Amino acid sequence: MNDQPVLRASGIYKSYQKDSLEVPVLRGVDLDVPHGKITAMVGRSGSGKSTLMHLLATLDRPDQGEIYFRGKRIDNASRAERDAFRNRDIGVIFQFYHLLPELSAVENVLAPMMIGQSTWQYFRHRKAARLRAEAMLDRVGLLHRASHKPSELSGGEMQRTAIARSLMTQPSVLLADEPTGNLDAETGLDILQLLRGLNREDGLTVVMITHDDSIAAGADNLLRMKNGRIQDERLKQAA
Amino acid sequence: MVHFTAEGTAMYRWLLCFRYLRTRYIALASIVSVMLGVATLIVVNSVMAGFAAEMHDRLHGLASDILIECHASGGMPDPEGHLKEIRAILGDKIEGASVSVHVPAMLGIEFNGQLITRHVNLVGIDRETYDTVSQFGRFLLHPQNQAMVDFNLRDDGYAPDRDHFPESGWTYRRQKASYEKLLAEERDRIDAAVRRSRGEQPTAAVDPSNDAAAQGPSMAYGLSPATSEANDPGQAKIFDASVDQFPGIVLGIATCSSRMRDSDGDVRDHYYCRPGDDVRMMFPNASDNAKVVNQKFTVIDLYESGMSEYDSTFAFVRLDQLQEFRGMINPESGIRSVTTVQLKLVPGANLNEARDDLRRRFPPDVYAFNIQTWRDMQGPLLAAVRLETTILNILLFLIIAVAGFGILATFFMIVVEKTRDIGTLKALGASGSGVMSIFLSYGLLLGIVGSGVGMVGGLMFVKYINSIAAVIEKITGQEVFDPTVYYFNSIPTIVDPITIAWVVAGSILIATTASVLPALRAARMNPVRSLRFE
């Protein structure tokens with residue numbers, strides 16, 4: 001579509017305050033997330049992958065450096081703009097799924113829609129929203145579990161639900177923090193297949209943190225992080 | 001790319017609120033205290049309002065709107081002239097007027113050969129007009145007297161709707177008289193037998209006219225002749241209790257009875273005297289050099305208003321008779337004096353204004369008049385009830401405030417428990433104020449549920465309060481609503497919608513306020529930290 005990177009980070013520094021000690025986590029990260037590719041980030045615990053992902057998702061702000069989404073700077077945008085960005089432009093999935101336990105699968109999928117719209121807007125479009133949520137669940141193969149609560153779903157099913165939720169507002173980037181980290185190898189591969197399919201069919205850009213080399217091997221790009229820097233960046237040609 | 005979201009009203013917060021409401025029972029437990037507080041407030045306010053209204057009604061019914069009392073023992077002469085003057089001042093605001101004589105008196109009741117004395121307020125009333133200024137007849141026991149009091153003893157039929165009321169009236173009086181006659185004859189016979197055995201000559205029985213003299217008024221020397229006239233015929237012929245009566249008197253029921261519990265725990269009234277019995281009254285005459293008038297009366301009815309203050313201090317006789325006994329009739333002109341003028345104003349008339357008008361006409365430094373409205377007289381009592389209600393309201397709202405702190409603590413726990421979900425919501429694009437509104441709405445919802453249930457519970461309690469009192473009595477054996485203390489047969493209640501609205505609104509406000517701090521904490525929660533919280 002275009003060659004401009006969907007997400008770009010340049011010169012990112014981030015440190016956390018632990019007691020009175022400043023612990024640097026990211027020390028000058030430059031990163032381009034190319035459009036329509038699956039990018040995998042690997043690295044040891046504490047290497048800063050998760051922090052980088054939170055910064056990309058605007059859940060946190062860098063101490064130094066800039067983050068751009070489609071060429072527009074987002075790290076210093078207003079709170080409301082960042083909330084809207086998270087709601088519309090990116091989808092996030094987590095290692096521990098983070099579904100809301102009080103809501104059924106389909107309601108969890110609907111949640112971003114409810115957050116992004118006023119009650120009145122939502123009520124006006126609720127039929128369409130519901131249909132879309134069911135379509136998303138169908139896409140991840142869970143339509144038959146739509147009315148189940150997260151506690152009644154298996155780990156793989158919860159992660160599929162989380163993926164369906166992240167796709168609800170048609171984001172252009174999916175940020176996945178160890179999406180398979182809590183699943184057995186086989187289920188993990190299923191999830192990966194699902195992400196691949198989304199990438200192939202919808203051109204969805206995926207940024208994924210993983211520990212699993214076999215999962216990482218399936219990515220288009222591989223970033224290796226060490227001590228708060230990107231140590232090794234390997235661009236593969238799309239298969 | 002910049003989208004503005006209408007977050008404040010977003011749908012998810014209501015969905016989550018209702019889900020939290022259905023799944024967090026601990027929060028429901030925390031609003032039980034709100035519920036109880038609201039219910040108690042409604043019950044207390046209704047009962048207090050009922051009591052106050054009942055008391056208000058009774059006090060107002062018993063007292064006339066405006067009371068003009070003359071301090072002088074001889075009272076004010078020419079009541080008609082005064083009334084004419086009063087009518088000229090107040091015009092058509094007057095609905096009724098009555099004059100009466102109030103005099104402190106001592107009541108003597110002979111009971112089982114002993115004399116029981118009571119301090120009473122003896123009132124001479126004009127039976128034609130007295131009922132137009134205050135409720136009187138309806139508190140009498142005999143149905144015919146209720147329509148129009150007749151100061152003559154009735155045959156029987158007193159208090160037909162009352163169990164355990166002793167037999168009264170002429171029937172009883174005749175029985176008593178014949179019994180006493182028999183007793184006297186028996187005593188004479190024994191006396192005679194004793195004398196005979198001693199060898200004395202039998203003498204005539206005690207001269208009955210001496211007896212009658214003792215029963216008649218013991219004339220204070222120098223009284224006006226009109227006073228003695230009334231009983232002259234009685235003295236001339238022999239007084240026969242089975243056919244004759246003394247001047248009629250209506251006694252306040254508590255002056256001659258006591259209410260207590262028998263061994264079964266039932267409330268019983270014990271009467272020292274009843275309609276048909278004779279009592280003695282001692283009161284000062286109207287002269288400047290006051291002497292005591294000692295006069296016998298026949299009880300012709302009893303008066304029960306439900307206000308112990310009235311029931312235990314009042315005795316009513318005919319105005320003209322009391323004026324005669326006290327020497328309040330000018331022997332030359334025949335003008336009678338009264339001590340009190342009672343006025344009833346038309347409904348809605350301004351009592352204070354009328355009182356002030358009268359005070360201007362009869363200034364206290366010229367006239368020995370004390371002009372008061374019924375509210376002036378009962379002011380301390382009404383104020384006490386108001387104060388009591390206010391204090392109870394404050395105390396109970398403090399209870400709800402305590403419940404508010406319970407909600408605060410519970411909400412903090414829920415916020416901590418929901419840390420991860422809060423992070424998730426923020427990651428999905430929910431704003432801080434959106435997250436805050438979840439918990440604020442949750443508090444609001446809990447407040448509505450708590451005070452709603454409390455309101456329904458309180459109203460049901462008020463509705464069935466007498467049955468509930470009966471059940472509690474049965475279970476505990478303790479009387480909840482003691483009729484020996486209160487003169488109401490059932491607990492009076494008045495439900496005031498405005499009070500209820502205030503109570504409910506106040507408790508919802510407290511519940512919502514209590515959720516502000518936890519909600520702020522949720523809103524300020526760092527999403528990254530809450531997402532890491534595993």
# chains A, B, ... in the order shown; residues from 1 in each chain; ligands from 1
$ select_by_dssp --residues "stretch 2-47 of chain A" --states "strand (DSSP E or B)" --output "PyMOL selection string"
chain A and resi 7-18+21-33+38-43
$ write_last_selection --atoms "C-alpha atoms" --output "PDB file, in the first residue's frame"
ATOM      1  CA  LEU A   7       4.842   2.667  13.660  1.00  0.00           C
ATOM      2  CA  ARG A   8       8.185   4.275  14.043  1.00  0.00           C
ATOM      3  CA  ALA A   9      10.173   4.834  17.197  1.00  0.00           C
ATOM      4  CA  SER A  10      13.310   6.907  17.267  1.00  0.00           C
ATOM      5  CA  GLY A  11      15.807   7.426  20.047  1.00  0.00           C
ATOM      6  CA  ILE A  12      13.593   6.024  22.790  1.00  0.00           C
ATOM      7  CA  TYR A  13      14.883   6.197  26.345  1.00  0.00           C
ATOM      8  CA  LYS A  14      12.831   4.955  29.254  1.00  0.00           C
ATOM      9  CA  SER A  15      13.771   4.217  32.805  1.00  0.00           C
ATOM     10  CA  TYR A  16      11.789   3.239  35.836  1.00  0.00           C
ATOM     11  CA  GLN A  17      12.111   4.462  39.329  1.00  0.00           C
ATOM     12  CA  LYS A  18      12.698   1.638  41.719  1.00  0.00           C
ATOM     13  CA  LEU A  21      17.184   4.067  42.121  1.00  0.00           C
ATOM     14  CA  GLU A  22      16.706   4.838  38.475  1.00  0.00           C
ATOM     15  CA  VAL A  23      16.670   1.666  36.440  1.00  0.00           C
ATOM     16  CA  PRO A  24      17.165   2.272  32.720  1.00  0.00           C
ATOM     17  CA  VAL A  25      15.060  -0.048  30.594  1.00  0.00           C
ATOM     18  CA  LEU A  26      15.364   1.341  27.094  1.00  0.00           C
ATOM     19  CA  ARG A  27      18.533   3.101  26.014  1.00  0.00           C
ATOM     20  CA  GLY A  28      18.097   4.539  22.592  1.00  0.00           C
ATOM     21  CA  VAL A  29      15.771   2.335  20.592  1.00  0.00           C
ATOM     22  CA  ASP A  30      15.123   3.033  16.917  1.00  0.00           C
ATOM     23  CA  LEU A  31      12.475   0.935  15.301  1.00  0.00           C
ATOM     24  CA  ASP A  32      10.394   0.869  12.160  1.00  0.00           C
ATOM     25  CA  VAL A  33       7.385  -1.393  11.979  1.00  0.00           C
ATOM     26  CA  ILE A  38       4.670  -9.677  11.117  1.00  0.00           C
ATOM     27  CA  THR A  39       7.424  -8.381  13.344  1.00  0.00           C
ATOM     28  CA  ALA A  40       8.626 -10.555  16.195  1.00  0.00           C
ATOM     29  CA  MET A  41      10.587  -9.231  19.157  1.00  0.00           C
ATOM     30  CA  VAL A  42      12.658 -11.654  21.118  1.00  0.00           C
ATOM     31  CA  GLY A  43      14.931 -11.155  24.061  1.00  0.00           C
TER      32      GLY A  43
END
$ closest_atom_pairs --of "chain A" --to "chain B" --cutoff "10 Å" --atoms "only C-alpha atoms" --output "tab-separated table"
residue	atom	partner	partner_atom	distance
A:Ser50	CA	B:Val528	CA	9.6
A:Thr51	CA	B:Val528	CA	8.6
A:His54	CA	B:Val528	CA	7.0
A:Leu55	CA	B:Val528	CA	9.5
A:Ala57	CA	B:Ala427	CA	7.8
A:Thr58	CA	B:Ala427	CA	8.7
A:Leu59	CA	B:Val528	CA	6.3
A:Asp60	CA	B:Val528	CA	6.9
A:Phe69	CA	B:Met1	CA	9.5
A:Arg70	CA	B:Met1	CA	9.6
A:Lys72	CA	B:Met1	CA	9.0
A:Ala77	CA	B:Val2	CA	9.6
A:Ser78	CA	B:Val2	CA	9.9
A:Arg79	CA	B:Ser431	CA	7.8
A:Ala80	CA	B:Phe4	CA	7.0
A:Glu81	CA	B:Val2	CA	5.7
A:Arg82	CA	B:Gly429	CA	7.8
A:Asp83	CA	B:Gly429	CA	4.4
A:Ala84	CA	B:His3	CA	5.6
A:Phe85	CA	B:Gly429	CA	7.2
A:Arg86	CA	B:Gly429	CA	4.8
A:Asn87	CA	B:Gly429	CA	4.2
A:Arg88	CA	B:Gly429	CA	8.0
A:Asp89	CA	B:Met1	CA	8.1
A:Ile90	CA	B:Leu428	CA	8.8
A:Gly91	CA	B:Leu428	CA	7.6
A:Val92	CA	B:Ala427	CA	7.2
A:Ile93	CA	B:Ala427	CA	9.3
A:Phe94	CA	B:Leu531	CA	8.9
A:Phe96	CA	B:Glu534	CA	8.3
A:Tyr97	CA	B:Thr424	CA	9.4
A:His98	CA	B:Thr424	CA	6.2
A:Leu99	CA	B:Asp421	CA	7.6
A:Leu100	CA	B:Asp421	CA	6.0
A:Pro101	CA	B:Asp421	CA	8.4
A:Glu102	CA	B:Arg19	CA	6.0
A:Leu103	CA	B:Arg19	CA	7.7
A:Glu107	CA	B:Leu15	CA	9.4
A:Leu110	CA	B:Tyr12	CA	9.2
A:Ala111	CA	B:Tyr12	CA	6.7
A:Pro112	CA	B:Leu428	CA	5.8
A:Met113	CA	B:Tyr12	CA	8.9
A:Met114	CA	B:Met11	CA	5.4
A:Ile115	CA	B:Ala430	CA	5.9
A:Gly116	CA	B:Thr5	CA	5.6
A:Gln117	CA	B:Ala6	CA	6.0
A:Ser118	CA	B:Ala10	CA	4.4
A:Thr119	CA	B:Met11	CA	4.5
A:Trp120	CA	B:Met11	CA	8.2
A:Gln121	CA	B:Ala10	CA	9.0
A:Tyr122	CA	B:Met11	CA	7.1
A:Phe123	CA	B:Met11	CA	8.5
A:Arg165	CA	B:Leu428	CA	9.1
A:Ser166	CA	B:Leu428	CA	8.1
$ residues_around --residues "stretch 500-514 of chain B" --least-positions-apart "6" --cutoff "6 Å" --atoms "only C-alpha atoms" --output "JSON list (two decimals) with N, CA and C atoms, in the first residue's frame"
[["chain", "number", "residue", "atom", "x", "y", "z"],
["B", 404, "GLY", "N", -21.39, 4.89, 54.82],
["B", 404, "GLY", "CA", -20.62, 5.44, 53.70],
["B", 404, "GLY", "C", -19.16, 5.04, 53.79],
["B", 408, "LEU", "N", -16.84, 2.98, 51.25],
["B", 408, "LEU", "CA", -15.51, 3.44, 50.85],
["B", 408, "LEU", "C", -14.49, 2.30, 50.93],
["B", 443, "GLY", "N", -21.27, 3.22, 42.66],
["B", 443, "GLY", "CA", -21.67, 3.75, 43.96],
["B", 443, "GLY", "C", -23.09, 4.29, 43.93],
["B", 444, "LEU", "N", -23.38, 5.01, 42.86],
["B", 444, "LEU", "CA", -24.73, 5.57, 42.70],
["B", 444, "LEU", "C", -25.76, 4.45, 42.67],
["B", 447, "GLY", "N", -26.19, 2.92, 45.97],
["B", 447, "GLY", "CA", -26.99, 3.83, 46.79],
["B", 447, "GLY", "C", -28.46, 3.74, 46.45],
["B", 448, "ILE", "N", -28.75, 3.69, 45.13],
["B", 448, "ILE", "CA", -30.15, 3.61, 44.72],
["B", 448, "ILE", "C", -30.76, 2.29, 45.19],
["B", 451, "SER", "N", -30.96, 2.39, 49.18],
["B", 451, "SER", "CA", -32.01, 3.24, 49.75],
["B", 451, "SER", "C", -33.38, 2.84, 49.21]]
$ residues_around --residues "B:Val43" --least-positions-apart "5" --cutoff "12 Å" --atoms "only C-alpha atoms" --output "number ranges by chain"
B: 36-38, 48-50, 389, 392-393, 396, 454-465, 491-496, 499-500, 503
$ residues_around --residues "B:Phe165" --least-positions-apart "6" --cutoff "9 Å" --atoms "only C-alpha atoms" --output "JSON, numbers by chain"
{"B": [158, 159, 269, 271]}
$ residues_around --residues "A:Ala185" --least-positions-apart "6" --cutoff "12 Å" --atoms "only C-alpha atoms" --output "PyMOL selection string"
chain A and resi 156+179+191-192+211-215
$ write_last_selection --atoms "C-alpha atoms" --output "short mmCIF file (atom, residue, chain, number, x, y, z; two decimals), in the first residue's frame"
data_model
loop_
_atom_site.label_atom_id
_atom_site.label_comp_id
_atom_site.auth_asym_id
_atom_site.auth_seq_id
_atom_site.Cartn_x
_atom_site.Cartn_y
_atom_site.Cartn_z
CA GLY A 156 -6.55 -20.96 23.62
CA PRO A 179 0.35 -14.16 22.83
CA ILE A 191 -2.79 -18.85 17.47
CA LEU A 192 0.18 -18.10 15.29
CA HIS A 211 10.09 -16.21 23.89
CA ASP A 212 9.52 -19.08 21.55
CA ASP A 213 12.06 -19.32 18.76
CA SER A 214 9.81 -21.54 16.67
CA ILE A 215 7.13 -18.86 16.79
#
$ residues_around --residues "stretch 378-387 of chain B" --least-positions-apart "3" --cutoff "12 Å" --atoms "only C-alpha atoms" --output "list in words"
Asn45, Val47, Met48, Ala49, Gly50, Phe51, Ala52, Ala53, Glu54, Met55, His56, Asp57, Arg58, Leu59, His60, Leu62, Ala63, Ser64, Asp65, Glu309, Gln372, Thr373, Trp374, Arg375, Thr390, Ile391, Leu392, Asn393 and Ile394 of chain B
$ select_by_dssp --residues "stretch 101-311 of chain B" --states "alpha helix (DSSP H)" --output "compact mmCIF listing (two decimals) with N, CA and C atoms, in the first residue's frame"
# COMPACT_ATOMS: atom_id res chain seq x y z
N TYR B 130 -69.56 25.67 75.28
CA TYR B 130 -68.20 25.19 75.51
C TYR B 130 -67.71 24.31 74.36
N ASP B 131 -68.62 23.54 73.79
CA ASP B 131 -68.22 22.65 72.71
C ASP B 131 -67.86 23.40 71.43
N THR B 132 -68.23 24.66 71.34
CA THR B 132 -67.88 25.40 70.12
C THR B 132 -66.45 25.90 70.16
N VAL B 133 -65.81 25.93 71.32
CA VAL B 133 -64.44 26.43 71.38
C VAL B 133 -63.43 25.31 71.58
N PRO B 143 -72.95 8.03 75.83
CA PRO B 143 -73.23 8.46 74.46
C PRO B 143 -74.13 9.69 74.40
N GLN B 144 -75.10 9.80 75.31
CA GLN B 144 -75.99 10.96 75.25
C GLN B 144 -75.27 12.22 75.71
N ASN B 145 -74.37 12.06 76.69
CA ASN B 145 -73.59 13.20 77.13
C ASN B 145 -72.64 13.69 76.05
N GLN B 146 -72.24 12.73 75.18
CA GLN B 146 -71.32 13.13 74.11
C GLN B 146 -72.01 14.12 73.18
N ALA B 147 -73.32 13.92 72.97
CA ALA B 147 -74.05 14.85 72.11
C ALA B 147 -74.23 16.19 72.82
N TRP B 170 -77.76 5.78 87.75
CA TRP B 170 -78.77 5.69 88.82
C TRP B 170 -78.91 4.27 89.33
N THR B 171 -78.84 3.31 88.43
CA THR B 171 -78.98 1.91 88.85
C THR B 171 -77.98 1.59 89.95
N TYR B 172 -76.72 1.98 89.67
CA TYR B 172 -75.66 1.72 90.62
C TYR B 172 -75.89 2.52 91.90
N ARG B 173 -76.31 3.79 91.72
CA ARG B 173 -76.48 4.68 92.87
C ARG B 173 -77.56 4.14 93.80
N ARG B 174 -78.64 3.66 93.18
CA ARG B 174 -79.73 3.12 94.00
C ARG B 174 -79.27 1.89 94.76
N GLN B 175 -78.57 1.02 94.04
CA GLN B 175 -78.06 -0.19 94.71
C GLN B 175 -77.19 0.17 95.89
N LYS B 176 -76.28 1.12 95.61
CA LYS B 176 -75.33 1.51 96.64
C LYS B 176 -76.08 2.12 97.84
N ALA B 177 -77.08 2.95 97.51
CA ALA B 177 -77.82 3.62 98.57
C ALA B 177 -78.57 2.60 99.42
N SER B 178 -79.20 1.63 98.74
CA SER B 178 -79.97 0.65 99.52
C SER B 178 -79.03 -0.23 100.33
N TYR B 179 -77.87 -0.52 99.76
CA TYR B 179 -76.88 -1.31 100.50
C TYR B 179 -76.42 -0.56 101.73
N GLU B 180 -76.16 0.73 101.55
CA GLU B 180 -75.69 1.53 102.68
C GLU B 180 -76.78 1.70 103.73
N LYS B 181 -78.03 1.77 103.20
CA LYS B 181 -79.15 1.89 104.13
C LYS B 181 -79.24 0.63 104.99
N LEU B 182 -79.13 -0.51 104.29
CA LEU B 182 -79.16 -1.78 105.03
C LEU B 182 -78.03 -1.83 106.04
N LEU B 183 -76.88 -1.37 105.58
CA LEU B 183 -75.71 -1.38 106.46
C LEU B 183 -75.96 -0.52 107.68
N ALA B 184 -76.57 0.66 107.46
CA ALA B 184 -76.85 1.58 108.57
C ALA B 184 -77.86 0.96 109.52
N GLU B 185 -78.89 0.33 108.90
CA GLU B 185 -79.90 -0.30 109.76
C GLU B 185 -79.28 -1.38 110.61
N GLU B 186 -78.39 -2.15 109.96
CA GLU B 186 -77.73 -3.23 110.68
C GLU B 186 -76.89 -2.68 111.83
N ARG B 187 -76.21 -1.57 111.49
CA ARG B 187 -75.38 -0.96 112.52
C ARG B 187 -76.24 -0.47 113.68
N ASP B 188 -77.36 0.16 113.34
CA ASP B 188 -78.28 0.65 114.37
C ASP B 188 -78.78 -0.51 115.23
N ARG B 189 -79.13 -1.60 114.50
CA ARG B 189 -79.67 -2.76 115.22
C ARG B 189 -78.63 -3.27 116.21
N ILE B 190 -77.40 -3.38 115.75
CA ILE B 190 -76.34 -3.88 116.64
C ILE B 190 -76.13 -2.91 117.78
N ASP B 191 -76.12 -1.62 117.43
CA ASP B 191 -75.97 -0.57 118.43
C ASP B 191 -77.02 -0.70 119.51
N ALA B 192 -78.27 -0.84 119.01
CA ALA B 192 -79.39 -0.95 119.94
C ALA B 192 -79.23 -2.17 120.82
N ALA B 193 -78.81 -3.28 120.18
CA ALA B 193 -78.65 -4.53 120.95
C ALA B 193 -77.58 -4.36 122.02
N VAL B 194 -76.50 -3.65 121.63
CA VAL B 194 -75.41 -3.44 122.59
C VAL B 194 -75.90 -2.61 123.77
N ARG B 195 -76.64 -1.53 123.40
CA ARG B 195 -77.14 -0.66 124.46
C ARG B 195 -78.09 -1.42 125.39
N ARG B 196 -78.96 -2.26 124.68
CA ARG B 196 -79.92 -3.01 125.48
C ARG B 196 -79.18 -3.91 126.46
N SER B 197 -78.15 -4.56 125.97
CA SER B 197 -77.43 -5.50 126.84
C SER B 197 -76.77 -4.76 127.99
N ARG B 198 -76.47 -3.46 127.74
CA ARG B 198 -75.90 -2.69 128.83
C ARG B 198 -76.99 -2.12 129.73
N PRO B 208 -80.86 12.56 110.80
CA PRO B 208 -80.34 12.57 109.42
C PRO B 208 -80.08 13.97 108.89
N SER B 209 -80.77 14.95 109.43
CA SER B 209 -80.55 16.30 108.91
C SER B 209 -79.13 16.75 109.23
N ASN B 210 -78.55 16.26 110.31
CA ASN B 210 -77.16 16.59 110.62
C ASN B 210 -76.23 16.08 109.52
N ASP B 211 -76.57 14.86 109.09
CA ASP B 211 -75.79 14.27 108.00
C ASP B 211 -75.83 15.16 106.77
N ALA B 212 -77.05 15.52 106.45
CA ALA B 212 -77.22 16.33 105.24
C ALA B 212 -76.45 17.63 105.36
N ALA B 213 -76.45 18.19 106.57
CA ALA B 213 -75.74 19.44 106.76
C ALA B 213 -74.25 19.25 106.51
N ALA B 214 -73.78 18.10 106.94
CA ALA B 214 -72.37 17.83 106.73
C ALA B 214 -72.06 17.69 105.24
N GLN B 215 -73.09 17.18 104.50
CA GLN B 215 -72.84 16.97 103.08
C GLN B 215 -72.99 18.26 102.29
N PRO B 225 -75.86 35.47 99.91
CA PRO B 225 -76.99 34.57 100.17
C PRO B 225 -77.30 33.66 98.98
N ALA B 226 -76.94 34.12 97.77
CA ALA B 226 -77.24 33.32 96.59
C ALA B 226 -76.58 31.95 96.64
N THR B 227 -75.41 31.89 97.25
CA THR B 227 -74.68 30.64 97.30
C THR B 227 -75.43 29.60 98.11
N SER B 228 -75.94 30.05 99.24
CA SER B 228 -76.57 29.08 100.13
C SER B 228 -77.94 28.66 99.61
N GLU B 229 -78.53 29.55 98.84
CA GLU B 229 -79.86 29.25 98.33
C GLU B 229 -79.92 27.91 97.62
N ASP B 232 -80.41 25.08 99.87
CA ASP B 232 -81.39 25.16 100.95
C ASP B 232 -82.47 24.10 100.87
N PRO B 233 -83.02 23.89 99.69
CA PRO B 233 -84.06 22.86 99.64
C PRO B 233 -83.52 21.50 100.08
N GLY B 234 -82.26 21.21 99.67
CA GLY B 234 -81.63 19.93 100.04
C GLY B 234 -81.53 19.78 101.54
N GLN B 235 -81.29 20.93 102.21
CA GLN B 235 -81.14 20.83 103.65
C GLN B 235 -82.49 20.71 104.33
N ALA B 236 -83.46 21.32 103.69
CA ALA B 236 -84.77 21.34 104.31
C ALA B 236 -85.34 19.93 104.39
N SER B 308 -52.87 12.95 79.30
CA SER B 308 -52.88 12.71 80.74
C SER B 308 -52.90 14.02 81.50
N GLU B 309 -52.29 15.05 80.91
CA GLU B 309 -52.25 16.34 81.59
C GLU B 309 -53.68 16.84 81.85
N TYR B 310 -54.56 16.60 80.89
CA TYR B 310 -55.93 17.06 81.04
C TYR B 310 -56.73 16.08 81.89
N ASP B 311 -56.56 14.79 81.59
CA ASP B 311 -57.37 13.78 82.26
C ASP B 311 -57.11 13.73 83.75
$ closest_residue --among "A:Leu189, A:Ala176, A:Leu131, A:Met53" --to "A:Gly218" --atoms "only C-alpha atoms"
A:Leu189
$ closest_residue --among "A:Arg130, A:Arg124, A:Arg196, A:Lys49" --to "A:Ala146" --atoms "only C-alpha atoms"
A:Arg130
$ decode --residues "stretch 59-79 of chain A" --atoms "C-alpha atoms" --output "PDB file, in the first residue's frame"
ATOM      1  CA  LEU A  59       0.095   3.157  27.535  1.00  0.00           C
ATOM      2  CA  ASP A  60       3.215   4.929  28.780  1.00  0.00           C
ATOM      3  CA  ARG A  61       5.366   7.800  27.632  1.00  0.00           C
ATOM      4  CA  PRO A  62       9.064   7.659  26.766  1.00  0.00           C
ATOM      5  CA  ASP A  63      11.524   9.765  28.758  1.00  0.00           C
ATOM      6  CA  GLN A  64      13.161  10.754  25.529  1.00  0.00           C
ATOM      7  CA  GLY A  65      12.562  10.034  21.892  1.00  0.00           C
ATOM      8  CA  GLU A  66       9.577  10.102  19.593  1.00  0.00           C
ATOM      9  CA  ILE A  67       6.967   7.655  18.404  1.00  0.00           C
ATOM     10  CA  TYR A  68       5.106   8.125  15.156  1.00  0.00           C
ATOM     11  CA  PHE A  69       2.004   6.442  13.854  1.00  0.00           C
ATOM     12  CA  ARG A  70       1.760   6.830  10.094  1.00  0.00           C
ATOM     13  CA  GLY A  71       4.057   9.791  10.258  1.00  0.00           C
ATOM     14  CA  LYS A  72       2.158  11.572  13.017  1.00  0.00           C
ATOM     15  CA  ARG A  73       3.754  11.924  16.390  1.00  0.00           C
ATOM     16  CA  ILE A  74       1.693  10.244  19.064  1.00  0.00           C
ATOM     17  CA  ASP A  75       3.841  10.042  22.192  1.00  0.00           C
ATOM     18  CA  ASN A  76       3.117  13.649  23.153  1.00  0.00           C
ATOM     19  CA  ALA A  77      -0.508  13.691  21.959  1.00  0.00           C
ATOM     20  CA  SER A  78      -3.254  14.628  24.379  1.00  0.00           C
ATOM     21  CA  ARG A  79      -4.756  12.058  26.681  1.00  0.00           C
TER      22      ARG A  79
END
